[in-house]
$ cat structure.txt   # compact mmCIF, C-alpha atoms and all ligand atoms
# COMPACT_ATOMS: atom_id res chain seq x y z
CA MET A 4 103.85 94.65 101.88
CA CYS A 5 107.43 94.72 103.15
CA LEU A 6 106.59 93.62 106.67
CA ALA A 7 106.96 90.04 107.87
CA VAL A 8 105.80 88.62 111.20
CA PRO A 9 107.15 85.80 113.36
CA THR A 10 104.74 82.91 113.97
CA LYS A 11 105.18 79.61 115.79
CA ILE A 12 104.29 76.54 113.75
CA GLU A 13 101.85 74.37 115.69
CA THR A 14 100.85 71.74 113.12
CA ILE A 15 102.21 70.63 109.76
CA GLU A 16 100.37 68.78 107.05
CA GLY A 17 102.12 68.54 103.70
CA ASN A 18 103.21 72.02 102.67
CA ARG A 19 100.79 73.72 105.06
CA GLY A 20 101.29 74.64 108.66
CA THR A 21 99.10 76.39 111.18
CA GLY A 22 99.95 78.94 113.79
CA VAL A 23 98.32 81.73 115.75
CA LEU A 24 98.61 85.35 114.73
CA ALA A 25 96.98 88.10 116.78
CA GLY A 26 94.65 85.54 118.34
CA ASN A 27 93.55 84.01 115.03
CA ARG A 28 94.46 80.56 113.74
CA ILE A 29 96.12 80.97 110.37
CA THR A 30 97.49 78.75 107.62
CA ILE A 31 101.14 79.25 106.69
CA LEU A 32 102.61 77.85 103.49
CA LEU A 33 105.86 76.06 104.21
CA ASP A 34 107.24 75.39 100.71
CA LEU A 35 110.15 77.80 101.20
CA VAL A 36 111.32 76.29 104.50
CA PRO A 37 111.59 72.53 103.87
CA GLU A 38 113.58 72.12 107.09
CA VAL A 39 110.76 73.43 109.35
CA LYS A 40 109.45 71.34 112.28
CA VAL A 41 106.49 71.70 114.64
CA ASP A 42 107.27 74.28 117.38
CA ASP A 43 109.73 76.15 115.15
CA TRP A 44 109.35 79.89 114.75
CA VAL A 45 109.15 81.20 111.20
CA LEU A 46 109.07 84.62 109.61
CA MET A 47 105.86 84.86 107.61
CA HIS A 48 105.45 87.13 104.62
CA ALA A 49 102.40 87.26 102.34
CA GLY A 50 101.21 83.86 103.56
CA PHE A 51 104.57 82.08 103.18
CA ALA A 52 107.17 81.25 105.79
CA ILE A 53 110.36 82.77 104.34
CA THR A 54 112.84 81.61 106.97
CA VAL A 55 113.08 79.72 110.25
CA LEU A 56 113.95 81.97 113.20
CA THR A 57 115.65 81.19 116.48
CA PRO A 58 113.19 81.66 119.38
CA GLU A 59 115.33 84.61 120.54
CA ASP A 60 115.15 86.40 117.17
CA ALA A 61 111.42 85.68 116.97
CA LYS A 62 110.84 87.18 120.41
CA ALA A 63 112.97 90.24 119.64
CA THR A 64 110.99 90.83 116.42
CA LEU A 65 107.65 90.38 118.20
CA ASP A 66 108.71 92.92 120.82
CA ILE A 67 109.61 95.43 118.12
CA LEU A 68 106.31 94.83 116.34
CA SER A 69 104.26 95.30 119.49
CA GLU A 70 106.03 98.61 120.06
CA MET A 71 105.36 99.66 116.47
CA LEU A 72 101.73 98.66 116.04
CA MET B 26 110.87 104.05 123.07
CA THR B 27 112.21 103.64 126.59
CA ARG B 28 114.56 106.16 128.17
CA GLN B 29 117.34 103.57 128.05
CA THR B 30 116.83 103.15 124.29
CA ASN B 31 116.79 106.93 123.88
CA THR B 32 120.14 107.28 125.63
CA ALA B 33 121.62 104.45 123.57
CA ILE B 34 120.31 106.06 120.39
CA ARG B 35 121.82 109.42 121.29
CA GLN B 36 125.19 107.83 121.99
CA GLN B 37 125.01 106.01 118.69
CA CYS B 38 124.13 109.24 116.88
CA ASP B 39 127.25 110.83 118.38
CA ARG B 40 129.37 107.97 117.06
CA ILE B 41 127.68 108.32 113.67
CA ASP B 42 128.47 112.02 113.63
CA GLN B 43 132.12 111.28 114.32
CA LEU B 44 132.27 108.64 111.56
CA CYS B 45 130.60 111.04 109.14
CA ARG B 46 133.31 113.59 109.68
CA GLN B 47 136.01 110.95 109.20
CA ALA B 48 134.37 109.65 106.03
CA LEU B 49 134.05 113.14 104.57
CA GLU B 50 137.65 113.93 105.44
CA LEU B 51 138.82 110.74 103.73
CA SER B 52 136.74 111.37 100.62
CA GLY B 53 137.84 114.99 100.48
CA SER B 54 134.32 116.06 99.54
CA ALA B 55 131.92 118.46 101.16
CA GLY B 56 128.89 116.97 102.91
CA PRO B 57 126.32 115.88 103.42
CA LEU B 58 126.82 112.17 102.79
CA GLY B 59 123.73 110.39 101.50
CA ILE B 60 122.52 106.98 102.64
CA MET B 61 119.53 105.60 100.79
CA GLU B 62 117.08 103.04 102.08
CA VAL B 63 115.17 100.95 99.58
CA CYS B 64 112.47 99.40 101.76
CA GLY B 65 109.03 100.73 102.66
CA THR B 66 109.36 99.47 106.22
CA HIS B 67 112.60 101.42 106.64
CA THR B 68 110.90 104.53 105.24
CA MET B 69 108.22 104.24 107.92
CA CYS B 70 110.67 103.43 110.70
CA ILE B 71 112.91 106.41 109.93
CA ALA B 72 109.94 108.79 109.74
CA ARG B 73 108.27 107.41 112.87
CA SER B 74 111.36 107.53 115.02
CA GLY B 75 112.39 110.98 113.76
CA LEU B 76 115.91 109.67 113.09
CA SER B 77 116.69 112.23 110.40
CA GLY B 78 116.30 114.95 113.01
CA LEU B 79 118.69 113.23 115.43
CA LEU B 80 121.48 112.72 112.94
CA SER B 81 124.21 115.15 112.04
CA ASP B 82 123.78 117.71 109.26
CA ASN B 83 126.62 115.89 107.52
CA LEU B 84 124.32 112.97 106.77
CA LYS B 85 121.12 112.71 104.78
CA LEU B 86 118.88 109.65 104.93
CA ILE B 87 117.12 109.38 101.59
CA SER B 88 114.04 107.31 100.77
CA GLY B 89 114.42 105.27 97.63
CA PRO B 90 112.22 102.96 95.60
CA GLY B 91 111.37 100.55 98.41
CA CYS B 92 107.60 100.55 98.39
CA PRO B 93 106.44 97.96 95.83
CA VAL B 94 103.17 99.74 95.21
CA CYS B 95 104.91 103.07 94.60
CA VAL B 96 107.40 101.74 92.04
CA THR B 97 104.70 99.98 90.02
CA ASP B 98 104.40 101.88 86.78
CA GLN B 99 101.19 103.61 85.80
CA SER B 100 100.99 101.48 82.65
CA TYR B 101 100.63 98.35 84.82
CA ILE B 102 97.74 99.84 86.82
CA ASP B 103 96.06 100.92 83.58
CA ARG B 104 96.44 97.40 82.21
CA ALA B 105 94.94 95.92 85.38
CA LEU B 106 92.02 98.35 85.10
CA HIS B 107 91.53 97.41 81.48
CA LEU B 108 91.50 93.75 82.46
CA ALA B 109 89.01 94.40 85.26
CA MET B 110 86.61 96.56 83.23
CA GLU B 111 86.97 95.82 79.52
CA CYS B 112 87.54 92.08 79.24
CA GLU B 113 84.39 89.99 78.86
CA PRO B 114 83.42 87.84 80.60
CA ARG B 115 84.93 89.78 83.46
CA PRO B 116 87.76 87.98 85.22
CA ILE B 117 88.27 88.04 88.96
CA ILE B 118 91.27 90.20 89.81
CA ALA B 119 93.04 88.83 92.88
CA THR B 120 95.40 91.35 94.43
CA TYR B 121 97.24 92.31 97.60
CA GLY B 122 95.24 94.93 99.47
CA ASP B 123 97.87 97.64 98.96
CA MET B 124 97.14 97.81 95.23
CA VAL B 125 93.40 98.49 95.23
CA ARG B 126 93.53 102.20 95.97
CA VAL B 127 96.45 103.05 93.67
CA PRO B 128 95.18 105.46 91.04
CA GLY B 129 95.54 104.63 87.37
CA SER B 130 94.67 106.99 84.56
CA GLY B 131 91.00 106.02 84.81
CA GLY B 132 90.54 105.53 88.55
CA SER B 133 91.63 102.76 90.91
CA LEU B 134 90.73 99.09 91.25
CA ALA B 135 88.59 100.07 94.25
CA GLU B 136 86.61 102.41 92.02
CA ALA B 137 86.42 99.74 89.33
CA ARG B 138 85.02 97.36 91.93
CA ALA B 139 82.36 99.92 92.84
CA SER B 140 81.40 99.97 89.16
CA GLY B 141 81.01 96.22 88.97
CA ALA B 142 84.54 94.86 88.43
CA ARG B 143 85.37 91.69 90.33
CA VAL B 144 88.31 92.55 92.57
CA GLU B 145 89.25 90.28 95.47
CA VAL B 146 91.89 91.07 98.06
CA VAL B 147 94.16 88.16 98.93
CA TYR B 148 96.94 87.90 101.48
CA SER B 149 98.93 85.35 99.50
CA ALA B 150 99.41 84.31 95.88
CA ASP B 151 98.28 80.81 96.83
CA GLN B 152 94.91 82.17 97.87
CA ALA B 153 94.43 83.39 94.31
CA VAL B 154 94.85 79.79 93.09
CA GLU B 155 92.28 78.71 95.67
CA ILE B 156 89.85 81.27 94.26
CA ALA B 157 90.46 79.88 90.77
CA LEU B 158 89.81 76.33 92.01
CA ALA B 159 86.58 77.43 93.68
CA ASN B 160 85.37 79.35 90.59
CA GLY B 161 86.17 76.94 87.78
CA ASP B 162 84.10 78.80 85.19
CA THR B 163 85.71 82.20 85.80
CA GLU B 164 89.19 83.43 84.89
CA VAL B 165 91.22 84.54 87.91
CA VAL B 166 94.18 86.86 87.42
CA PHE B 167 96.65 87.45 90.24
CA LEU B 168 98.46 90.80 90.24
CA ALA B 169 102.00 89.68 91.01
CA VAL B 170 103.73 92.79 92.33
CA GLY B 171 106.56 93.33 94.76
CA PHE B 172 110.23 92.52 95.13
CA GLU B 173 112.06 89.26 95.78
CA THR B 174 110.02 88.73 98.97
CA THR B 175 106.69 88.25 97.20
CA ALA B 176 108.07 86.65 94.02
CA PRO B 177 108.62 83.12 95.45
CA GLY B 178 104.93 83.07 96.44
CA ALA B 179 103.95 84.03 92.89
CA ALA B 180 106.30 81.35 91.52
CA LEU B 181 104.73 78.71 93.78
CA ALA B 182 101.22 79.77 92.73
CA VAL B 183 102.17 79.32 89.07
CA LEU B 184 103.77 75.95 89.80
CA ARG B 185 100.66 74.82 91.67
CA ALA B 186 98.42 75.90 88.80
CA HIS B 187 100.76 74.07 86.43
CA ASN B 188 100.93 70.86 88.47
CA GLU B 189 97.22 70.78 89.30
CA ASN B 190 96.31 71.92 85.82
CA VAL B 191 94.22 74.92 86.85
CA PRO B 192 93.16 76.31 83.46
CA ASN B 193 91.47 79.49 84.71
CA PHE B 194 94.45 80.93 86.66
CA SER B 195 96.98 83.41 85.33
CA ILE B 196 99.20 86.20 86.62
CA MET B 197 100.00 89.70 85.47
CA THR B 198 103.54 90.19 86.61
CA ALA B 199 105.28 93.35 87.70
CA GLN B 200 107.68 91.54 90.02
CA LYS B 201 110.84 93.53 90.49
CA LEU B 202 114.48 92.93 91.37
CA ILE B 203 116.11 95.35 93.75
CA LEU B 204 119.75 95.19 92.59
CA PRO B 205 119.27 96.58 89.04
CA ALA B 206 117.25 99.44 90.56
CA MET B 207 120.07 100.25 92.96
CA GLU B 208 122.46 100.41 90.02
CA ALA B 209 120.07 102.68 88.11
CA LEU B 210 119.81 104.96 91.14
CA LEU B 211 123.58 105.34 91.22
CA SER B 212 123.61 106.56 87.66
CA GLN B 213 121.59 109.66 88.62
CA GLU B 214 123.87 112.66 88.72
CA ASP B 215 121.68 114.82 90.92
CA VAL B 216 121.31 112.45 93.88
CA ARG B 217 124.26 111.70 96.12
CA ILE B 218 124.21 108.12 97.40
CA ASP B 219 127.26 107.06 99.39
CA GLY B 220 125.83 103.80 100.70
CA PHE B 221 122.71 101.67 100.80
CA LEU B 222 120.70 100.62 103.80
CA CYS B 223 119.46 97.33 102.37
CA PRO B 224 116.01 95.81 102.94
CA GLY B 225 115.58 93.15 105.62
CA HIS B 226 113.03 90.82 104.13
CA VAL B 227 114.14 90.99 100.50
CA SER B 228 117.54 90.02 101.87
CA VAL B 229 116.08 87.01 103.73
CA ILE B 230 115.47 85.71 100.21
CA ILE B 231 118.54 86.94 98.29
CA GLY B 232 121.08 86.92 101.16
CA TRP B 233 123.35 89.79 102.17
CA LYS B 234 126.13 88.67 99.88
CA ALA B 235 123.92 89.50 96.89
CA TYR B 236 124.88 93.17 97.32
CA ALA B 237 128.60 92.44 97.06
CA SER B 238 128.65 93.21 93.34
CA VAL B 239 127.08 96.68 93.81
CA ALA B 240 129.34 97.35 96.80
CA ALA B 241 132.46 96.46 94.82
CA LYS B 242 131.56 97.84 91.37
CA TYR B 243 130.30 101.21 92.57
CA ALA B 244 132.33 101.44 95.78
CA ARG B 245 129.24 101.85 97.96
CA PRO B 246 128.81 99.98 101.25
CA CYS B 247 125.57 97.96 101.37
CA VAL B 248 124.36 96.92 104.81
CA VAL B 249 121.14 95.01 105.53
CA ALA B 250 119.04 96.15 108.51
CA GLY B 251 115.96 94.94 110.36
CA PHE B 252 113.09 97.34 110.71
CA ASP B 253 113.38 99.19 114.02
CA ALA B 254 115.37 102.32 114.83
CA PRO B 255 118.30 100.55 116.59
CA GLN B 256 118.70 98.30 113.52
CA VAL B 257 118.58 101.22 111.11
CA LEU B 258 121.14 103.09 113.19
CA ALA B 259 123.38 100.02 113.43
CA SER B 260 123.31 99.74 109.66
CA VAL B 261 124.02 103.45 109.18
CA GLU B 262 126.92 103.18 111.62
CA ALA B 263 128.28 100.10 109.79
CA ILE B 264 128.06 101.90 106.42
CA LEU B 265 129.86 104.95 107.79
CA ALA B 266 132.50 102.84 109.54
CA GLN B 267 133.29 101.31 106.14
CA LEU B 268 133.43 104.71 104.44
CA ALA B 269 135.60 106.13 107.21
CA SER B 270 138.12 103.34 106.74
CA GLY B 271 137.99 103.31 102.95
CA ARG B 272 136.13 99.98 102.64
CA THR B 273 133.02 99.22 100.59
CA GLU B 274 131.49 95.82 101.28
CA SER B 275 128.17 94.09 101.72
CA ALA B 276 127.19 93.09 105.24
CA SER B 277 124.19 92.64 107.53
CA VAL B 278 123.27 93.73 111.03
CA TYR B 279 119.96 91.82 110.86
CA PRO B 280 120.29 88.36 112.43
CA SER B 281 117.43 86.82 110.40
CA VAL B 282 119.40 87.27 107.17
CA SER B 283 122.00 84.76 106.04
CA ALA B 284 124.82 85.37 103.59
CA GLU B 285 123.33 83.19 100.85
CA GLY B 286 119.59 83.76 101.41
CA ASN B 287 116.83 81.21 101.02
CA ALA B 288 118.16 78.59 98.57
CA ARG B 289 114.74 77.02 97.92
CA ALA B 290 113.17 80.39 97.14
CA LEU B 291 115.98 81.35 94.77
CA GLU B 292 115.69 78.00 93.02
CA LEU B 293 111.95 78.52 92.53
CA LEU B 294 112.45 82.02 91.14
CA ASP B 295 114.92 80.64 88.64
CA GLU B 296 112.62 77.79 87.68
CA VAL B 297 109.57 79.95 86.99
CA PHE B 298 110.86 83.40 86.04
CA VAL B 299 113.50 84.90 83.82
CA ALA B 300 114.90 88.42 84.27
CA SER B 301 113.47 90.93 81.81
CA GLU B 302 113.28 94.65 81.25
CA ALA B 303 110.75 96.32 83.53
CA SER B 304 109.27 99.80 83.83
CA TRP B 305 109.62 101.57 87.14
CA ARG B 306 107.80 104.67 88.17
CA GLY B 307 110.40 107.44 88.28
CA LEU B 308 113.28 105.31 87.02
CA GLY B 309 111.78 104.31 83.68
CA ALA B 310 112.73 101.09 81.90
CA ILE B 311 115.61 99.18 83.52
CA PRO B 312 117.11 96.14 81.76
CA GLU B 313 116.83 92.82 83.60
CA SER B 314 115.05 94.40 86.57
CA GLY B 315 111.78 92.52 86.25
CA MET B 316 110.66 88.92 86.26
CA GLU B 317 108.87 87.41 83.33
CA LEU B 318 107.38 83.91 83.20
CA ARG B 319 109.61 81.36 81.49
CA GLU B 320 108.29 79.92 78.26
CA ALA B 321 107.32 76.66 79.95
CA PHE B 322 104.80 78.63 82.03
CA GLY B 323 103.75 81.05 79.28
CA ARG B 324 100.16 79.84 79.38
CA PHE B 325 99.81 81.47 82.82
CA ASP B 326 100.69 84.90 81.45
CA ALA B 327 97.53 87.01 81.63
CA ALA B 328 98.93 89.51 79.12
CA VAL B 329 99.06 86.76 76.48
CA ARG B 330 95.87 85.01 77.53
CA PHE B 331 93.78 88.18 77.31
CA GLY B 332 95.78 89.85 74.55
CA LEU B 333 96.24 92.88 76.80
CA PRO B 334 97.29 96.09 75.05
CA ASP B 335 100.33 98.10 76.16
CA PHE B 336 99.58 101.36 77.91
CA PRO B 337 101.88 104.38 77.92
CA SER B 338 103.77 105.25 81.11
CA ARG B 339 101.87 108.35 82.14
CA GLU B 340 102.54 110.52 85.16
CA ILE B 341 99.67 111.67 87.35
CA PRO B 342 99.32 115.42 86.71
CA GLY B 343 101.07 117.40 89.44
CA CYS B 344 102.25 114.29 91.32
CA ARG B 345 106.02 114.10 91.88
CA CYS B 346 106.12 110.46 93.04
CA GLY B 347 108.72 109.63 90.40
CA ASP B 348 111.11 112.21 91.85
CA VAL B 349 110.30 111.17 95.42
CA ILE B 350 111.00 107.49 94.70
CA CYS B 351 114.41 108.29 93.19
CA GLY B 352 115.45 110.47 96.10
CA ARG B 353 115.43 113.65 93.98
CA LEU B 354 112.69 115.30 96.03
CA HIS B 355 111.52 115.17 99.63
CA PRO B 356 107.73 114.62 99.72
CA THR B 357 107.15 118.06 101.22
CA GLY B 358 108.68 119.51 98.04
CA CYS B 359 105.65 118.36 96.03
CA GLY B 360 103.19 121.20 95.47
CA LEU B 361 100.24 118.94 96.27
CA PHE B 362 101.63 117.51 99.54
CA GLY B 363 99.28 118.06 102.44
CA SER B 364 96.93 120.26 100.41
CA ARG B 365 95.36 118.40 97.52
CA CYS B 366 97.16 115.18 98.44
CA THR B 367 96.62 113.62 101.88
CA PRO B 368 96.25 109.97 102.95
CA ARG B 369 92.46 110.37 102.93
CA ARG B 370 92.41 111.85 99.44
CA ALA B 371 95.64 110.62 97.92
CA VAL B 372 96.69 111.76 94.46
CA GLY B 373 99.69 109.45 93.96
CA PRO B 374 100.85 106.01 95.10
CA CYS B 375 103.47 107.37 97.52
CA MET B 376 100.59 108.78 99.58
CA VAL B 377 98.17 105.87 98.94
CA SER B 378 100.55 103.20 100.17
CA SER B 379 100.93 102.95 103.93
CA GLU B 380 104.66 102.40 103.28
CA GLY B 381 105.03 105.26 100.81
CA ALA B 382 107.43 108.12 101.48
CA CYS B 383 104.68 110.76 101.18
CA ALA B 384 102.39 108.89 103.60
CA ALA B 385 105.31 108.57 106.04
CA ALA B 386 106.19 112.27 105.78
CA TYR B 387 102.54 113.27 106.22
CA LYS B 388 101.89 111.00 109.18
CA TYR B 389 105.05 111.80 111.10
CA GLY B 390 105.11 115.48 110.52
CA PRO B 391 107.27 118.26 109.28
CA HIS B 392 110.66 117.01 108.16
CA ASP B 393 109.98 113.57 109.63
CA ARG B 394 110.50 114.82 113.17
CA GLY B 395 108.04 113.13 115.49
CA PRO B 396 104.33 112.53 115.06
CA ARG B 397 102.18 115.16 113.39
CA GLN B 398 99.82 116.88 115.82
S1 LIG C 401 102.41 114.31 97.84
FE1 LIG C 401 100.91 113.17 96.63
S2 LIG C 401 100.94 114.11 94.66
FE2 LIG C 401 102.81 114.74 95.67
S3 LIG C 401 104.36 113.23 95.13
FE3 LIG C 401 103.43 112.51 96.99
S4 LIG C 401 101.79 111.15 96.33
FE4 LIG C 401 102.35 112.37 94.53

$ encode --input "structure.txt" --output "structure tokens"
Amino acid sequence: MCLAVPTKIETIEGNRGTGVLAGNRITILLDLVPEVKVDDWVLMHAGFAITVLTPEDAKATLDILSEML
Amino acid sequence: MTRQTNTAIRQQCDRIDQLCRQALELSGSAGPLGIMEVCGTHTMCIARSGLSGLLSDNLKLISGPGCPVCVTDQSYIDRALHLAMECEPRPIIATYGDMVRVPGSGGSLAEARASGARVEVVYSADQAVEIALANGDTEVVFLAVGFETTAPGAALAVLRAHNENVPNFSIMTAQKLILPAMEALLSQEDVRIDGFLCPGHVSVIIGWKAYASVAAKYARPCVVAGFDAPQVLASVEAILAQLASGRTESASVYPSVSAEGNARALELLDEVFVASEASWRGLGAIPESGMELREAFGRFDAAVRFGLPDFPSREIPGCRCGDVICGRLHPTGCGLFGSRCTPRRAVGPCMVSSEGACAAAYKYGPHDRGPRQ
């Protein structure tokens, strides 16, 4: 429950965005990141984006995750 | 880990060893120093990478109450079971997957489901509202557990139910705040904590400055880390560098965390919840360490809606989770560890949860040194 994963936001409609996680299209709630734009990377936790990440930080986190899982 | 990372880690461990000696010299006390992590992901990372084995004998990494499932008091699980089995017509219990196998006094939610209870696993609090909207004639109760990372989602679910007037949605809250727990941990006389390795994703919400009060009041460095071994080591090194130079501050080595946290999330928490006393497994009742719905949202409180009784805080016979969570006991010190209690047949939540200290110790082998064969 503590883990969060980086996801790239591909579409935004209202407070909902979509992205791809492990090959699946998922919905991401964007209420906590009002500044988010399409193509931004976010850190997703329990369905919600909790912060916007720089592409570099997102990539570094994804690399760590792929080593872990 | 690559060979390059291994070499870097060894060099860092040497620096840490040096700082440990300096810090001990300055404090004039005998070792070992204790650094506690309060995040399930850190627990797993430290066990998986065997860091404890690489570090000097002058330093002990201690697992604290970081796994949200593990700290949830038995009385909460018993209440959820009561709700699932005794309330008629039976509500749908919507819960994060981690909670379904946690044993209460009369079994787990998974067992309740096998006996006919309606338990649905959700990945977000919002999904629980969706279930309520799709099942208008059935009550849906979301089990709102976790720290500041999950709480904004629970707050948003309540706000959505409020704004869209969803009459059949409510939450049973056991949301917890990490800072009061850290203070409670420091009041234990039998556990030495010289600094805190602070959780990455909780800190995305609350910001690394939030720990400044604990760092100053108790003179303990608090440093936020991401969740891989280099991050954990960087945080440990930063904590020791502070101790070695007589400083105690809050800081972060995790780039995703800002000083102030997520302003929108904090605003939402304040709008929907108010701090209240909460019961923690192992730590007992801690003032202002939980989150209760504000009066304006009282109609979404499942405890009120269903008139749920209070249950006593029981311990599972033989299970030492309470001591493990507070850093008083290493999992292998529990008489049931690895014999009666294994991940396949777990007795307590610290073995049930994939982020629990007992599960980590079991999976990654004796004394957390490398994978178990
Ligand atoms: S090993 Fe099992 S019984 Fe013992 S403390 Fe851990 S979870 Fe509880």

$ closest_residue --input "structure.txt" --among "B:Asp123, B:Glu164, B:Glu296, B:Glu214" --to "chain A" --atoms "all atoms listed in the file"
B:Asp123

$ residues_near_ligand --input "structure.txt" --ligand "ligand LIG 401 (chain C)" --cutoff "7 Å" --atoms "only C-alpha atoms and all ligand atoms" --output "MDAnalysis selection string"
chainID B and resid 343:346 349 356:357 359:363 366:367 371:377 383

$ closest_residue --input "structure.txt" --among "B:Gly358, B:Gly286, B:Gly53, B:Gly347" --to "chain A" --atoms "only C-alpha atoms"
B:Gly286

$ atom_distance --input "structure.txt" --atom1 "atom CA of Phe336 of chain B" --atom2 "atom CA of Arg104 of chain B"
6.6 Å

$ residues_around --input "structure.txt" --residues "Ile15 of chain A" --least-positions-apart "5" --cutoff "7 Å" --atoms "all atoms listed in the file" --output "PyMOL selection string"
chain A and resi 20-21+41

$ closest_residue --input "structure.txt" --among "B:Gly332, B:Gly315, B:Pro93, B:Gly307" --to "Thr198 of chain B" --atoms "all atoms listed in the file"
B:Gly315

$ residues_around --input "structure.txt" --residues "Ala290 of chain B" --least-positions-apart "5" --cutoff "9 Å" --atoms "all atoms listed in the file" --output "PyMOL selection string"
(chain A and resi 34-36+53) or (chain B and resi 176-178+180+230-231+295)

$ residues_around --input "structure.txt" --residues "Val170 of chain B" --least-positions-apart "3" --cutoff "12 Å" --atoms "only C-alpha atoms" --output "PyMOL selection string"
(chain A and resi 4-5+49) or (chain B and resi 92-98+101-102+105+119-124+149-150+167+173-180+196-202+303+305+315-317)

$ atom_distance --input "structure.txt" --atom1 "atom CA of Glu208 of chain B" --atom2 "atom CA of Ala385 of chain B"
24.8 Å

$ residues_around --input "structure.txt" --residues "Asn18 of chain A" --least-positions-apart "5" --cutoff "9 Å" --atoms "all atoms listed in the file" --output "ChimeraX atom specification"
/A:31-34,37

$ atom_distance --input "structure.txt" --atom1 "atom CA of Pro205 of chain B" --atom2 "atom CA of Val45 of chain A"
28.8 Å

$ closest_residue --input "structure.txt" --among "B:Arg46, B:Arg289, B:His107, B:Arg35" --to "chain A" --atoms "all atoms listed in the file"
B:Arg289

$ closest_residue --input "structure.txt" --among "A:Asp42, A:Glu16, A:Asp66, A:Asp60" --to "chain B" --atoms "only C-alpha atoms"
A:Asp60

$ residues_around --input "structure.txt" --residues "Ala7 of chain A" --least-positions-apart "5" --cutoff "12 Å" --atoms "only C-alpha atoms" --output "compact mmCIF listing (two decimals) with C-alpha atoms, in the frame of the given file"
# COMPACT_ATOMS: atom_id res chain seq x y z
CA LEU A 24 98.61 85.35 114.73
CA VAL A 45 109.15 81.20 111.20
CA LEU A 46 109.07 84.62 109.61
CA MET A 47 105.86 84.86 107.61
CA HIS A 48 105.45 87.13 104.62
CA ALA A 49 102.40 87.26 102.34
CA GLY A 50 101.21 83.86 103.56
CA PHE A 51 104.57 82.08 103.18
CA ALA A 52 107.17 81.25 105.79
CA ILE A 53 110.36 82.77 104.34
CA THR A 54 112.84 81.61 106.97
CA LEU A 56 113.95 81.97 113.20
CA ALA A 61 111.42 85.68 116.97
CA THR A 64 110.99 90.83 116.42
CA LEU A 65 107.65 90.38 118.20
CA ILE A 67 109.61 95.43 118.12
CA LEU A 68 106.31 94.83 116.34
CA THR B 66 109.36 99.47 106.22
CA THR B 174 110.02 88.73 98.97
CA THR B 175 106.69 88.25 97.20
CA PRO B 224 116.01 95.81 102.94
CA GLY B 225 115.58 93.15 105.62
CA HIS B 226 113.03 90.82 104.13
CA VAL B 227 114.14 90.99 100.50
CA VAL B 229 116.08 87.01 103.73
CA GLY B 251 115.96 94.94 110.36
CA PHE B 252 113.09 97.34 110.71
CA SER B 281 117.43 86.82 110.40

$ closest_residue --input "structure.txt" --among "B:Met110, B:Ala259, B:Ala386, B:Cys223" --to "Cys247 of chain B" --atoms "all atoms listed in the file"
B:Cys223

$ residues_near_point --input "structure.txt" --point "(120.2, 106.7, 85.9)" --cutoff "12 Å" --atoms "only C-alpha atoms" --output "ChimeraX atom specification"
/B:205-216,305,307-312,351-353

$ decode --input "structure.txt" --residues "segment 95-102 of chain B" --atoms "N, CA, C and O atoms" --output "PDB file, in the first residue's frame"
ATOM      1  N   CYS B  95      -0.498  -3.441   9.187  1.00  0.00           N
ATOM      2  CA  CYS B  95       0.022  -3.975  10.457  1.00  0.00           C
ATOM      3  C   CYS B  95      -0.367  -3.095  11.643  1.00  0.00           C
ATOM      4  O   CYS B  95      -0.605  -3.602  12.737  1.00  0.00           O
ATOM      5  N   VAL B  96      -0.422  -1.784  11.450  1.00  0.00           N
ATOM      6  CA  VAL B  96      -0.713  -0.908  12.593  1.00  0.00           C
ATOM      7  C   VAL B  96      -2.214  -0.840  12.898  1.00  0.00           C
ATOM      8  O   VAL B  96      -2.611  -0.333  13.940  1.00  0.00           O
ATOM      9  N   THR B  97      -3.031  -1.323  11.958  1.00  0.00           N
ATOM     10  CA  THR B  97      -4.477  -1.258  12.181  1.00  0.00           C
ATOM     11  C   THR B  97      -4.855  -2.163  13.339  1.00  0.00           C
ATOM     12  O   THR B  97      -4.536  -3.349  13.340  1.00  0.00           O
ATOM     13  N   ASP B  98      -5.515  -1.567  14.311  1.00  0.00           N
ATOM     14  CA  ASP B  98      -5.812  -2.282  15.551  1.00  0.00           C
ATOM     15  C   ASP B  98      -6.822  -3.403  15.313  1.00  0.00           C
ATOM     16  O   ASP B  98      -7.692  -3.308  14.451  1.00  0.00           O
ATOM     17  N   GLN B  99      -6.673  -4.434  16.138  1.00  0.00           N
ATOM     18  CA  GLN B  99      -7.575  -5.589  16.049  1.00  0.00           C
ATOM     19  C   GLN B  99      -9.042  -5.173  16.168  1.00  0.00           C
ATOM     20  O   GLN B  99      -9.914  -5.742  15.518  1.00  0.00           O
ATOM     21  N   SER B 100      -9.310  -4.164  16.992  1.00  0.00           N
ATOM     22  CA  SER B 100     -10.703  -3.760  17.204  1.00  0.00           C
ATOM     23  C   SER B 100     -11.331  -3.250  15.899  1.00  0.00           C
ATOM     24  O   SER B 100     -12.535  -3.426  15.667  1.00  0.00           O
ATOM     25  N   TYR B 101     -10.518  -2.669  15.029  1.00  0.00           N
ATOM     26  CA  TYR B 101     -11.032  -2.181  13.744  1.00  0.00           C
ATOM     27  C   TYR B 101     -11.417  -3.361  12.838  1.00  0.00           C
ATOM     28  O   TYR B 101     -12.468  -3.358  12.205  1.00  0.00           O
ATOM     29  N   ILE B 102     -10.547  -4.361  12.814  1.00  0.00           N
ATOM     30  CA  ILE B 102     -10.821  -5.553  11.980  1.00  0.00           C
ATOM     31  C   ILE B 102     -12.091  -6.228  12.492  1.00  0.00           C
ATOM     32  O   ILE B 102     -12.950  -6.648  11.712  1.00  0.00           O
TER      33      ILE B 102
END
